[in-house]
$ cat target_13.cif   # mmCIF, C-alpha atoms
data_input
#
loop_
_atom_site.label_atom_id
_atom_site.label_comp_id
_atom_site.auth_asym_id
_atom_site.auth_seq_id
_atom_site.Cartn_x
_atom_site.Cartn_y
_atom_site.Cartn_z
CA MET J 1 1.60 -8.97 28.42
CA HIS J 2 4.44 -10.86 30.04
CA GLY J 3 1.94 -13.61 30.75
CA PHE J 4 2.66 -14.72 27.20
CA ALA J 5 6.40 -14.74 27.78
CA ASN J 6 5.78 -18.36 28.63
CA PRO J 7 5.56 -20.08 25.22
CA ALA J 8 3.38 -22.86 26.66
CA ARG J 9 0.68 -20.32 27.44
CA PHE J 10 0.96 -18.76 23.99
CA LEU J 11 0.82 -22.18 22.34
CA ARG J 12 -2.34 -23.09 24.26
CA LEU J 13 -4.00 -19.92 22.94
CA ALA J 14 -2.64 -20.33 19.40
CA ARG J 15 -3.83 -23.93 19.17
CA TRP J 16 -7.52 -22.96 19.05
CA LEU J 17 -7.13 -19.43 17.68
CA THR J 18 -5.26 -20.53 14.51
CA PRO J 19 -8.01 -22.77 13.02
CA LEU J 20 -10.70 -20.29 14.09
CA LEU J 21 -9.02 -17.37 12.28
CA LEU J 22 -8.29 -19.60 9.28
CA VAL J 23 -11.89 -20.75 8.85
CA VAL J 24 -13.46 -17.31 9.47
CA GLY J 25 -10.93 -15.73 7.08
CA LEU J 26 -11.50 -18.26 4.30
CA VAL J 27 -15.29 -17.95 4.57
CA LEU J 28 -15.25 -14.13 4.55
CA VAL J 29 -12.83 -13.92 1.61
CA ALA J 30 -14.74 -16.56 -0.36
CA VAL J 31 -18.10 -14.86 0.21
CA SER J 32 -16.84 -11.38 -0.63
CA LEU J 33 -14.96 -12.48 -3.76
CA ALA J 34 -17.85 -14.69 -4.94
CA TYR J 35 -20.19 -11.72 -4.54
CA SER J 36 -17.74 -9.43 -6.36
CA TYR J 37 -17.36 -11.70 -9.36
CA THR J 38 -21.03 -12.60 -9.71
CA SER J 39 -23.30 -9.75 -8.67
CA MET J 40 -21.29 -6.56 -8.24
CA PRO J 41 -22.65 -3.87 -10.60
CA PRO J 42 -20.15 -2.28 -13.02
CA ASP J 43 -18.64 1.09 -12.12
CA ARG J 44 -19.87 4.13 -14.06
CA LEU J 45 -16.46 4.64 -15.69
CA MET J 46 -14.30 1.56 -15.36
CA GLY J 47 -17.06 -1.01 -15.82
CA ASP J 48 -16.48 -4.56 -14.66
CA SER J 49 -12.84 -4.06 -13.75
CA VAL J 50 -14.09 -2.57 -10.45
CA LYS J 51 -14.59 -6.21 -9.36
CA ILE J 52 -10.90 -6.31 -8.45
CA LEU J 53 -11.38 -3.53 -5.84
CA PRO J 54 -12.19 -5.76 -2.81
CA ILE J 55 -9.07 -7.88 -3.34
CA HIS J 56 -6.65 -5.10 -4.41
CA VAL J 57 -7.49 -2.66 -1.61
CA ALA J 58 -7.59 -5.37 1.09
CA VAL J 59 -4.21 -6.91 0.16
CA SER J 60 -2.67 -3.42 -0.11
CA TRP J 61 -3.76 -2.52 3.43
CA LEU J 62 -2.43 -5.84 4.70
CA GLY J 63 0.87 -5.32 2.88
CA MET J 64 1.26 -2.17 4.99
CA GLY J 65 -0.30 -3.87 8.03
CA GLY J 66 2.38 -6.55 7.84
CA TRP J 67 5.16 -4.02 8.23
CA THR J 68 3.23 -2.24 10.98
CA THR J 69 3.12 -5.60 12.79
CA ILE J 70 6.88 -6.01 12.33
CA ALA J 71 7.48 -2.48 13.65
CA ILE J 72 5.28 -2.90 16.75
CA ALA J 73 6.80 -6.32 17.53
CA SER J 74 10.30 -4.84 17.07
CA LEU J 75 9.49 -2.01 19.48
CA VAL J 76 8.20 -4.51 22.06
CA GLU J 77 11.32 -6.61 21.56
CA LEU J 78 13.74 -3.69 21.97
CA VAL J 79 12.03 -2.01 24.92
CA TRP J 80 10.40 -4.80 26.91
CA ARG J 81 12.70 -7.64 25.74
CA HIS J 82 9.64 -9.79 25.24
CA PRO J 83 10.81 -13.24 24.12
CA LEU J 84 7.95 -13.83 21.69
CA ALA J 85 8.18 -10.42 20.00
CA ALA J 86 11.15 -11.29 17.79
CA ILE J 87 9.38 -14.47 16.70
CA ALA J 88 6.19 -12.53 15.93
CA ALA J 89 8.13 -10.01 13.81
CA ARG J 90 9.87 -12.76 11.86
CA ALA J 91 6.57 -14.61 11.39
CA ALA J 92 4.83 -11.53 9.94
CA ALA J 93 7.48 -10.86 7.29
CA VAL J 94 6.68 -13.51 4.67
CA PRO J 95 2.86 -13.10 4.76
CA GLY J 96 3.36 -9.31 4.62
CA ALA J 97 5.65 -9.64 1.60
CA VAL J 98 3.09 -11.88 -0.15
CA PHE J 99 0.37 -9.26 0.42
CA ALA J 100 2.63 -6.47 -0.84
CA PHE J 101 3.38 -8.51 -3.96
CA LEU J 102 -0.34 -9.23 -4.50
CA CYS J 103 -1.03 -5.51 -4.14
CA LEU J 104 1.46 -4.69 -6.91
CA ALA J 105 0.23 -7.55 -9.14
CA THR J 106 -3.49 -6.79 -8.82
CA GLY J 107 -2.80 -3.06 -9.13
CA SER J 108 -0.87 -3.65 -12.33
CA ILE J 109 -3.68 -5.79 -13.76
CA TRP J 110 -6.18 -3.09 -12.80
CA GLY J 111 -4.01 -0.30 -14.18
CA ARG J 112 -3.80 -1.73 -17.70
CA PRO J 113 -7.52 -1.34 -18.58
CA THR J 114 -8.20 1.80 -16.52
CA TRP J 115 -5.08 3.96 -16.80
CA GLY J 116 -3.80 2.42 -20.01
CA THR J 117 -0.51 1.20 -18.53
CA TRP J 118 0.80 -1.72 -16.47
CA TRP J 119 3.24 0.37 -14.48
CA VAL J 120 4.34 3.96 -13.93
CA TRP J 121 6.98 5.35 -11.59
CA ASP J 122 4.65 7.58 -9.60
CA GLY J 123 4.90 8.15 -5.84
CA ARG J 124 2.36 5.53 -4.74
CA LEU J 125 3.55 2.68 -6.94
CA THR J 126 7.23 3.34 -6.32
CA SER J 127 6.88 3.55 -2.53
CA MET J 128 4.89 0.29 -2.53
CA LEU J 129 7.64 -1.40 -4.56
CA VAL J 130 10.17 -0.10 -2.02
CA LEU J 131 8.06 -1.76 0.72
CA LEU J 132 8.30 -5.10 -1.11
CA PHE J 133 12.09 -4.73 -1.32
CA LEU J 134 12.21 -3.81 2.40
CA TYR J 135 10.36 -7.08 3.12
CA PHE J 136 12.94 -9.04 1.09
CA GLY J 137 15.75 -7.34 3.01
CA TYR J 138 14.09 -8.01 6.36
CA ILE J 139 13.44 -11.69 5.55
CA ALA J 140 17.05 -12.21 4.46
CA LEU J 141 18.48 -10.34 7.46
CA SER J 142 16.33 -11.93 10.17
CA GLY J 143 16.86 -15.38 8.60
CA ALA J 144 20.63 -14.94 8.52
CA LEU J 145 20.73 -13.72 12.13
CA ALA J 146 18.63 -16.70 13.27
CA ARG J 147 20.85 -19.18 11.39
CA GLU J 148 23.95 -17.78 13.01
CA GLY J 149 22.27 -17.74 16.40
CA SER J 150 22.94 -14.00 16.73
CA SER J 151 20.67 -11.55 18.51
CA SER J 152 17.71 -10.40 16.43
CA ARG J 153 18.17 -6.83 17.66
CA ILE J 154 19.62 -5.67 14.33
CA ALA J 155 16.54 -7.01 12.52
CA ALA J 156 14.33 -5.19 15.05
CA ILE J 157 16.10 -1.87 14.33
CA PHE J 158 15.68 -2.52 10.60
CA GLY J 159 11.98 -3.19 11.22
CA LEU J 160 11.56 0.14 13.03
CA VAL J 161 13.56 2.18 10.50
CA GLY J 162 11.66 0.62 7.59
CA ALA J 163 8.35 1.65 9.19
CA ILE J 164 8.97 5.22 7.97
CA ASN J 165 7.92 4.00 4.51
CA VAL J 166 4.39 3.09 5.65
CA PRO J 167 3.12 6.67 6.23
CA ILE J 168 4.95 7.71 3.04
CA ILE J 169 2.94 5.14 1.04
CA ASN J 170 -0.24 6.33 2.72
CA ARG J 171 0.43 10.04 2.05
CA SER J 172 2.12 9.67 -1.36
CA VAL J 173 -1.08 10.41 -3.28
CA VAL J 174 -1.74 13.51 -1.19
CA TRP J 175 1.77 15.00 -1.19
CA TRP J 176 2.62 14.44 -4.83
CA ASN J 177 0.67 14.54 -8.09
CA SER J 178 0.33 10.89 -8.97
CA LEU J 179 -1.46 8.73 -11.49
CA HIS J 180 -2.97 6.80 -8.58
CA GLN J 181 -6.10 8.50 -7.27
CA PRO J 182 -6.24 10.11 -3.80
CA PRO J 183 -7.73 8.11 -0.89
CA SER J 184 -11.42 7.22 -1.24
CA LEU J 185 -11.82 6.57 2.46
CA THR J 186 -10.95 9.39 4.81
CA MET J 187 -11.95 9.99 8.43
CA GLY J 188 -15.66 9.08 8.47
CA ASN J 189 -16.08 9.76 4.75
CA SER J 190 -16.38 7.41 1.84
CA ALA J 191 -16.37 8.07 -1.89
CA ILE J 192 -17.10 4.39 -2.50
CA ASP J 193 -20.70 3.34 -3.04
CA PRO J 194 -21.97 0.75 -0.49
CA VAL J 195 -22.29 -1.91 -3.22
CA TYR J 196 -18.48 -1.85 -3.39
CA LEU J 197 -17.76 -0.76 0.19
CA TYR J 198 -19.38 -3.72 1.99
CA PRO J 199 -17.59 -6.42 -0.06
CA LEU J 200 -14.38 -4.46 0.57
CA GLY J 201 -15.07 -4.49 4.32
CA ALA J 202 -15.73 -8.24 4.27
CA SER J 203 -12.61 -9.04 2.24
CA THR J 204 -10.45 -6.81 4.45
CA LEU J 205 -11.72 -8.55 7.58
CA GLY J 206 -11.26 -11.93 5.91
CA PHE J 207 -7.71 -11.29 4.68
CA SER J 208 -6.84 -9.88 8.13
CA CYS J 209 -8.01 -13.15 9.75
CA LEU J 210 -5.96 -15.13 7.21
CA PHE J 211 -2.94 -12.94 7.98
CA GLY J 212 -3.42 -13.58 11.72
CA ALA J 213 -3.74 -17.33 11.14
CA LEU J 214 -0.59 -17.39 8.98
CA VAL J 215 1.41 -15.42 11.55
CA LEU J 216 0.29 -17.77 14.36
CA MET J 217 1.16 -20.83 12.26
CA ARG J 218 4.62 -19.48 11.46
CA MET J 219 5.18 -18.52 15.11
CA ARG J 220 4.36 -22.08 16.17
CA THR J 221 6.70 -23.46 13.50
CA LEU J 222 9.53 -21.16 14.56
CA LEU J 223 9.02 -22.09 18.24
CA ALA J 224 9.02 -25.80 17.37
CA ASP J 225 12.19 -25.31 15.30
CA MET J 226 13.92 -23.58 18.21
CA GLN J 227 12.83 -26.30 20.63
CA ALA J 228 14.06 -29.06 18.32
CA GLU J 229 17.39 -27.31 17.91
CA ALA J 230 17.81 -26.82 21.66
CA ARG J 231 17.02 -30.49 22.23
CA LEU J 232 19.57 -31.59 19.62
CA ARG J 233 22.19 -29.34 21.18
CA ARG J 234 21.50 -30.78 24.65
CA LYS J 235 21.75 -34.31 23.28
CA ALA J 236 25.07 -33.57 21.58
CA MET J 237 26.41 -32.05 24.78
CA MET J 238 25.32 -35.05 26.84
CA ALA J 239 26.96 -37.43 24.32
CA ALA J 240 30.17 -35.43 24.52
CA GLU J 241 30.12 -35.52 28.34
CA GLU J 242 29.64 -39.27 28.35
CA GLU J 243 32.65 -39.66 26.10
CA PHE J 244 34.86 -37.76 28.52
CA ALA J 245 33.49 -39.57 31.59
CA MET H 1 25.27 6.29 42.27
CA THR H 2 22.17 4.48 41.13
CA SER H 3 19.91 5.92 38.51
CA ALA H 4 16.26 6.33 39.39
CA ILE H 5 15.22 5.43 35.85
CA LYS H 6 14.49 1.80 35.13
CA PRO H 7 16.47 0.40 32.18
CA LYS H 8 13.20 -0.49 30.48
CA HIS H 9 12.07 3.14 30.56
CA GLN H 10 15.48 4.34 29.46
CA ARG H 11 15.25 2.13 26.39
CA LEU H 12 11.73 3.36 25.69
CA VAL H 13 12.77 7.03 25.91
CA LEU H 14 15.81 6.41 23.70
CA LEU H 15 13.71 4.65 21.09
CA VAL H 16 11.02 7.33 21.12
CA ILE H 17 13.69 10.01 20.57
CA ALA H 18 15.22 7.95 17.75
CA LEU H 19 11.83 7.43 16.13
CA VAL H 20 10.92 11.12 16.36
CA ALA H 21 14.24 12.00 14.70
CA LEU H 22 13.62 9.36 12.03
CA VAL H 23 10.09 10.58 11.27
CA GLY H 24 11.41 14.15 11.15
CA ALA H 25 14.12 13.14 8.67
CA GLY H 26 11.56 11.27 6.58
CA LEU H 27 9.20 14.24 6.51
CA LEU H 28 12.02 16.61 5.56
CA ALA H 29 13.07 14.30 2.73
CA ALA H 30 9.49 13.96 1.51
CA TRP H 31 9.04 17.74 1.67
CA ALA H 32 12.24 18.30 -0.29
CA LEU H 33 10.98 15.84 -2.90
CA ARG H 34 7.58 17.49 -3.23
CA ASN H 35 8.23 18.81 -6.74
CA GLN H 36 10.62 16.19 -8.07
CA ALA H 37 8.48 13.28 -6.91
CA SER H 38 5.35 14.54 -8.59
CA TYR H 39 4.35 12.42 -11.52
CA PHE H 40 3.11 15.33 -13.64
CA TYR H 41 2.79 19.11 -13.82
CA LEU H 42 -0.52 20.93 -13.63
CA PRO H 43 -1.44 23.34 -16.47
CA SER H 44 -0.89 26.37 -14.21
CA GLU H 45 2.61 25.12 -13.29
CA ILE H 46 3.46 24.65 -16.97
CA VAL H 47 2.25 28.13 -17.90
CA GLU H 48 4.10 29.66 -14.92
CA GLN H 49 7.41 27.87 -15.40
CA ALA H 50 7.37 27.72 -19.24
CA PRO H 51 9.41 24.59 -19.92
CA ALA H 52 11.99 24.61 -22.70
CA PRO H 53 10.41 23.60 -26.02
CA ASP H 54 10.89 19.90 -26.80
CA GLU H 55 11.67 19.10 -23.14
CA ASP H 56 10.03 15.77 -22.20
CA LEU H 57 7.42 16.19 -19.49
CA ARG H 58 4.02 15.07 -18.30
CA LEU H 59 0.96 17.27 -18.09
CA GLY H 60 -1.94 16.25 -15.85
CA GLY H 61 -5.39 17.68 -15.21
CA MET H 62 -9.02 17.44 -16.16
CA VAL H 63 -10.20 17.18 -19.75
CA GLU H 64 -12.21 20.37 -20.27
CA PRO H 65 -15.89 19.68 -21.14
CA GLY H 66 -16.67 20.14 -24.82
CA SER H 67 -13.04 20.49 -25.79
CA ILE H 68 -12.43 17.12 -27.44
CA GLN H 69 -12.22 17.66 -31.22
CA PRO H 70 -11.42 14.74 -33.51
CA GLN H 71 -9.26 15.96 -36.39
CA PRO H 72 -10.00 15.24 -40.08
CA ASP H 73 -7.12 12.72 -40.34
CA GLY H 74 -9.13 10.35 -38.11
CA VAL H 75 -6.37 9.47 -35.64
CA THR H 76 -5.56 12.84 -34.07
CA ILE H 77 -7.60 14.46 -31.33
CA ARG H 78 -7.26 17.93 -29.90
CA PHE H 79 -8.51 18.78 -26.42
CA ALA H 80 -7.80 21.10 -23.51
CA VAL H 81 -6.48 20.11 -20.09
CA GLY H 82 -7.40 22.38 -17.19
CA ASP H 83 -6.87 22.59 -13.45
CA GLY H 84 -9.60 25.08 -12.59
CA THR H 85 -7.53 28.19 -13.26
CA THR H 86 -5.53 27.57 -16.44
CA THR H 87 -6.01 25.38 -19.50
CA VAL H 88 -3.44 24.08 -21.94
CA PRO H 89 -4.39 22.85 -25.43
CA VAL H 90 -3.19 19.32 -26.24
CA SER H 91 -2.96 17.35 -29.45
CA PHE H 92 -2.57 13.59 -29.47
CA THR H 93 -2.22 11.07 -32.29
CA GLY H 94 -3.04 7.49 -31.39
CA ILE H 95 -5.46 5.38 -29.40
CA ALA H 96 -6.78 7.04 -26.23
CA PRO H 97 -7.46 4.81 -23.17
CA ALA H 98 -11.06 3.77 -22.53
CA LEU H 99 -11.44 6.05 -19.52
CA PHE H 100 -10.35 9.12 -21.48
CA GLN H 101 -13.37 11.44 -21.55
CA GLU H 102 -14.56 14.94 -20.75
CA ASN H 103 -14.46 16.02 -17.12
CA SER H 104 -12.19 13.20 -16.12
CA GLY H 105 -8.52 13.14 -15.23
CA VAL H 106 -5.78 12.61 -17.80
CA VAL H 107 -1.98 12.49 -17.80
CA ALA H 108 -0.35 13.33 -21.14
CA GLU H 109 3.29 12.49 -21.85
CA GLY H 110 4.98 14.63 -24.45
CA TYR H 111 6.46 18.08 -24.95
CA MET H 112 5.40 21.71 -25.37
CA GLY H 113 5.23 22.60 -29.07
CA GLN H 114 6.40 25.95 -30.45
CA ASP H 115 2.83 27.22 -30.82
CA GLY H 116 1.90 26.63 -27.17
CA THR H 117 0.11 23.36 -27.85
CA PHE H 118 1.22 20.38 -25.80
CA VAL H 119 2.09 17.54 -28.18
CA ALA H 120 1.24 14.26 -26.41
CA THR H 121 2.96 11.05 -27.42
CA ASN H 122 1.07 8.95 -24.86
CA LEU H 123 -2.13 9.37 -22.87
CA LEU H 124 -2.90 7.84 -19.48
CA ALA H 125 -6.37 8.06 -17.96
CA LYS H 126 -6.54 9.04 -14.32
CA HIS H 127 -9.35 7.63 -12.22
CA ASP H 128 -10.80 9.75 -9.44
CA GLU H 129 -11.51 8.48 -5.92
CA ASN H 130 -15.25 7.95 -6.54
CA TYR H 131 -16.63 4.49 -7.14
CA MET H 132 -20.30 4.24 -8.02
CA PRO H 133 -22.52 2.02 -10.14
CA ARG H 134 -24.03 3.22 -13.42
CA GLU H 135 -27.47 3.62 -11.84
CA LEU H 136 -26.14 6.60 -9.93
CA GLU H 137 -24.65 8.19 -13.02
CA GLY H 138 -27.56 10.60 -13.54
CA MET H 139 -26.97 12.13 -10.11
CA SER H 140 -24.57 14.95 -9.74
CA ARG H 141 -21.32 14.14 -7.99
CA GLU H 142 -22.60 15.95 -4.88
CA GLN H 143 -25.87 13.97 -4.74
CA ALA H 144 -24.03 10.69 -5.19
CA ARG H 145 -21.57 11.60 -2.47
CA GLN H 146 -24.43 12.41 -0.09
CA ARG H 147 -26.09 9.09 -0.87
CA ILE H 148 -22.85 7.26 -0.20
CA GLU H 149 -22.20 9.18 3.00
CA ALA H 150 -25.73 8.53 4.26
CA THR H 151 -25.01 4.81 4.35
CA LEU H 152 -22.06 5.32 6.64
CA GLU H 153 -24.03 6.68 9.55
#
$ encode --input "target_13.cif" --output "structure tokens"
Amino acid sequence: MHGFANPARFLRLARWLTPLLLVVGLVLVAVSLAYSYTSMPPDRLMGDSVKILPIHVAVSWLGMGGWTTIAIASLVELVWRHPLAAIAARAAAVPGAVFAFLCLATGSIWGRPTWGTWWVWDGRLTSMLVLLFLYFGYIALSGALAREGSSSRIAAIFGLVGAINVPIINRSVVWWNSLHQPPSLTMGNSAIDPVYLYPLGASTLGFSCLFGALVLMRMRTLLADMQAEARLRRKAMMAAEEEFA
Amino acid sequence: MTSAIKPKHQRLVLLVIALVALVGAGLLAAWALRNQASYFYLPSEIVEQAPAPDEDLRLGGMVEPGSIQPQPDGVTIRFAVGDGTTTVPVSFTGIAPALFQENSGVVAEGYMGQDGTFVATNLLAKHDENYMPRELEGMSREQARQRIEATLE
């Protein structure tokens, strides 16, 4: 793992992996959504509104996957002091927040025709909203620490503590009576017919590739930013030395 | 004296202990919330705990088959909500959501009337975890589930 401590090595890998993930992700998402909106049969109860399933479920998983990424990267940063881990955690925050927001937005749109309401304060919806707010807090905190040039260790601790919310979101529909239905997919079992399950699989894979591509892009941007700043600082120092000489 | 433990491992052990404590605290909090964080009460809980009349609450369960009775005034419906052991009669005046039907989940917001009928001011339909096209509708839930599970192997 420490092979990637050298940013040059990471950048060489990211250079070809980013466009690959981007293209595969876009194709998979486009195919799965095009299939959903054109030929997916209506659900026995909710009719055509089931077409939103492949996008809603996929972005919800990735909203939670984003924080899982932050938590794992934070753990690697705190324990192994890996230099790229803090950058990876910071890079995952904004895409994760976007997915969490999309989850709430698509869920709300889906809830209106099926449940008869845009929003309720049940366990699942509330814990997902808390996740979105955690993302906002993490983005603000890690950004402020980076601007001040402080250690990102506080952000890493925040990332680990916030991870407690992820299993709570997952279990909320099992622990508490909620308006949201219990999980359809459990260990090796599915209550989702294959005509909906396969598009969901494709969109999940596609959005995951897009998430990976976005994280790699942001990591490269952050690394370039840090390099540019270091170069400017060196230049300023050299100019100051020349003045004294 | 030098410690035999590498600093890296020390940090790992410390973090694992901290995380275990954190997860424990989270589980305790979630367990303590188990009643308060529920979105609705089941019929058996309402019958057991007998809420004060006119106290605002939500009742959730399955709409009992054959229980939906439109009332002569044209806008009121009466039906029964059950959870497998107990049923509670409900009356509701207004427009029910599209997914409101027999044998499917419902959450009613309202209060317990004096006569033991739950007076709902708002109805929310609850969807179950099964997604299947209309072609499979004739099958029983068990048959459909088997068909869906067969594709997973």
$ residues_around --input "target_13.cif" --residues "segment 48-55 of chain J" --least-positions-apart "4" --cutoff "7 Å" --atoms "only C-alpha atoms" --output "MDAnalysis selection string"
chainID J and resid 36:37 40 42:43 59 110 199:200 203
$ interface_residues --input "target_13.cif" --of "chain J" --to "chain H" --cutoff "8 Å" --atoms "only C-alpha atoms" --output "PDB file with C-alpha atoms, keeping the file's coordinate frame"
ATOM      1  CA  PRO J  41     -22.650  -3.870 -10.600  1.00  0.00           C
ATOM      2  CA  PRO J  42     -20.150  -2.280 -13.020  1.00  0.00           C
ATOM      3  CA  ASP J  43     -18.640   1.090 -12.120  1.00  0.00           C
ATOM      4  CA  ARG J  44     -19.870   4.130 -14.060  1.00  0.00           C
ATOM      5  CA  LEU J  45     -16.460   4.640 -15.690  1.00  0.00           C
ATOM      6  CA  MET J  46     -14.300   1.560 -15.360  1.00  0.00           C
ATOM      7  CA  LEU J  78      13.740  -3.690  21.970  1.00  0.00           C
ATOM      8  CA  VAL J  79      12.030  -2.010  24.920  1.00  0.00           C
ATOM      9  CA  TRP J  80      10.400  -4.800  26.910  1.00  0.00           C
ATOM     10  CA  PRO J 113      -7.520  -1.340 -18.580  1.00  0.00           C
ATOM     11  CA  THR J 114      -8.200   1.800 -16.520  1.00  0.00           C
ATOM     12  CA  TRP J 115      -5.080   3.960 -16.800  1.00  0.00           C
ATOM     13  CA  GLY J 116      -3.800   2.420 -20.010  1.00  0.00           C
ATOM     14  CA  THR J 117      -0.510   1.200 -18.530  1.00  0.00           C
ATOM     15  CA  TRP J 121       6.980   5.350 -11.590  1.00  0.00           C
ATOM     16  CA  ASP J 122       4.650   7.580  -9.600  1.00  0.00           C
ATOM     17  CA  GLY J 123       4.900   8.150  -5.840  1.00  0.00           C
ATOM     18  CA  LEU J 160      11.560   0.140  13.030  1.00  0.00           C
ATOM     19  CA  VAL J 161      13.560   2.180  10.500  1.00  0.00           C
ATOM     20  CA  ILE J 164       8.970   5.220   7.970  1.00  0.00           C
ATOM     21  CA  ILE J 168       4.950   7.710   3.040  1.00  0.00           C
ATOM     22  CA  TRP J 175       1.770  15.000  -1.190  1.00  0.00           C
ATOM     23  CA  TRP J 176       2.620  14.440  -4.830  1.00  0.00           C
ATOM     24  CA  ASN J 177       0.670  14.540  -8.090  1.00  0.00           C
ATOM     25  CA  SER J 178       0.330  10.890  -8.970  1.00  0.00           C
ATOM     26  CA  LEU J 179      -1.460   8.730 -11.490  1.00  0.00           C
ATOM     27  CA  HIS J 180      -2.970   6.800  -8.580  1.00  0.00           C
ATOM     28  CA  GLN J 181      -6.100   8.500  -7.270  1.00  0.00           C
ATOM     29  CA  PRO J 182      -6.240  10.110  -3.800  1.00  0.00           C
ATOM     30  CA  PRO J 183      -7.730   8.110  -0.890  1.00  0.00           C
ATOM     31  CA  SER J 184     -11.420   7.220  -1.240  1.00  0.00           C
ATOM     32  CA  GLY J 188     -15.660   9.080   8.470  1.00  0.00           C
ATOM     33  CA  ASN J 189     -16.080   9.760   4.750  1.00  0.00           C
ATOM     34  CA  SER J 190     -16.380   7.410   1.840  1.00  0.00           C
ATOM     35  CA  ALA J 191     -16.370   8.070  -1.890  1.00  0.00           C
ATOM     36  CA  ILE J 192     -17.100   4.390  -2.500  1.00  0.00           C
ATOM     37  CA  ASP J 193     -20.700   3.340  -3.040  1.00  0.00           C
ATOM     38  CA  PRO J 194     -21.970   0.750  -0.490  1.00  0.00           C
ATOM     39  CA  VAL J 195     -22.290  -1.910  -3.220  1.00  0.00           C
ATOM     40  CA  TYR J 196     -18.480  -1.850  -3.390  1.00  0.00           C
TER      41      TYR J 196
END
$ closest_residue --input "target_13.cif" --among "J:Ala144, J:Tyr135, J:Gly96, J:Thr221" --to "Leu62 of chain J" --atoms "only C-alpha atoms"
J:Gly96
$ resolve_selection --input "target_13.cif" --expression "the PyMOL selection byres ((chain H and resi 44) around 12)" --output "VMD selection string"
chain H and resid 40 to 43 45 to 51 59 to 61 81 to 88
$ atom_distance --input "target_13.cif" --atom1 "atom CA of Ile154 of chain J" --atom2 "atom CA of Arg171 of chain J"
27.7 Å
$ closest_residue --input "target_13.cif" --among "H:Gln71, H:Thr93, H:Thr76, H:Thr121" --to "Glu109 of chain H" --atoms "all atoms listed in the file"
H:Thr121
$ atom_distance --input "target_13.cif" --atom1 "atom CA of Pro89 of chain H" --atom2 "atom CA of Pro53 of chain H"
14.8 Å
$ resolve_selection --input "target_13.cif" --expression "the PyMOL selection byres ((chain J and resi 11-15) around 12)" --output "compact mmCIF listing (two decimals) with C-alpha atoms, in the coordinates of the input"
# COMPACT_ATOMS: atom_id res chain seq x y z
CA GLY J 3 1.94 -13.61 30.75
CA PHE J 4 2.66 -14.72 27.20
CA ALA J 5 6.40 -14.74 27.78
CA ASN J 6 5.78 -18.36 28.63
CA PRO J 7 5.56 -20.08 25.22
CA ALA J 8 3.38 -22.86 26.66
CA ARG J 9 0.68 -20.32 27.44
CA PHE J 10 0.96 -18.76 23.99
CA TRP J 16 -7.52 -22.96 19.05
CA LEU J 17 -7.13 -19.43 17.68
CA THR J 18 -5.26 -20.53 14.51
CA PRO J 19 -8.01 -22.77 13.02
CA LEU J 20 -10.70 -20.29 14.09
CA LEU J 21 -9.02 -17.37 12.28
CA LEU J 22 -8.29 -19.60 9.28
CA LEU J 84 7.95 -13.83 21.69
CA GLY J 212 -3.42 -13.58 11.72
CA ALA J 213 -3.74 -17.33 11.14
CA LEU J 214 -0.59 -17.39 8.98
CA VAL J 215 1.41 -15.42 11.55
CA LEU J 216 0.29 -17.77 14.36
CA MET J 217 1.16 -20.83 12.26
CA ARG J 218 4.62 -19.48 11.46
CA MET J 219 5.18 -18.52 15.11
CA ARG J 220 4.36 -22.08 16.17
CA THR J 221 6.70 -23.46 13.50
CA LEU J 222 9.53 -21.16 14.56
CA LEU J 223 9.02 -22.09 18.24
CA ALA J 224 9.02 -25.80 17.37
$ residues_around --input "target_13.cif" --residues "Arg124 of chain J" --least-positions-apart "5" --cutoff "7 Å" --atoms "all atoms listed in the file" --output "list in words"
Ile169, Ser172, Val173 and His180 of chain J
$ atom_distance --input "target_13.cif" --atom1 "atom CA of Ala100 of chain J" --atom2 "atom CA of Ser60 of chain J"
6.2 Å
$ residues_around --input "target_13.cif" --residues "Phe133 of chain J" --least-positions-apart "4" --cutoff "10 Å" --atoms "all atoms listed in the file" --output "mmCIF file with C-alpha atoms, in the coordinates of the input"
data_model
loop_
_atom_site.group_PDB
_atom_site.id
_atom_site.type_symbol
_atom_site.label_atom_id
_atom_site.label_comp_id
_atom_site.auth_asym_id
_atom_site.auth_seq_id
_atom_site.Cartn_x
_atom_site.Cartn_y
_atom_site.Cartn_z
ATOM 1 C CA ALA J 97 5.650 -9.640 1.600
ATOM 2 C CA ALA J 100 2.630 -6.470 -0.840
ATOM 3 C CA PHE J 101 3.380 -8.510 -3.960
ATOM 4 C CA SER J 127 6.880 3.550 -2.530
ATOM 5 C CA MET J 128 4.890 0.290 -2.530
ATOM 6 C CA LEU J 129 7.640 -1.400 -4.560
ATOM 7 C CA GLY J 137 15.750 -7.340 3.010
ATOM 8 C CA TYR J 138 14.090 -8.010 6.360
ATOM 9 C CA ILE J 139 13.440 -11.690 5.550
#
$ residues_near_point --input "target_13.cif" --point "(0.8, 21.8, -26.6)" --cutoff "8 Å" --atoms "all atoms listed in the file" --output "number ranges by chain"
H: 88-91, 111-120
$ resolve_selection --input "target_13.cif" --expression "the PyMOL selection byres ((chain J and resi 107) around 9)" --output "PyMOL selection string"
chain J and resi 52+56-57+102-106+108-112+118-119+125
$ closest_residue --input "target_13.cif" --among "J:Gly201, J:Arg234, J:Ala239, J:Asp225" --to "Leu28 of chain J" --atoms "all atoms listed in the file"
J:Gly201
$ axis_aligned_box --input "target_13.cif" --around "segment 24-28 of chain J" --padding-each-side "3 Å" --output "AutoDock Vina command-line options"
--center_x -13.1 --center_y -16.2 --center_z 6.9 --size_x 10.4 --size_y 10.1 --size_z 11.2
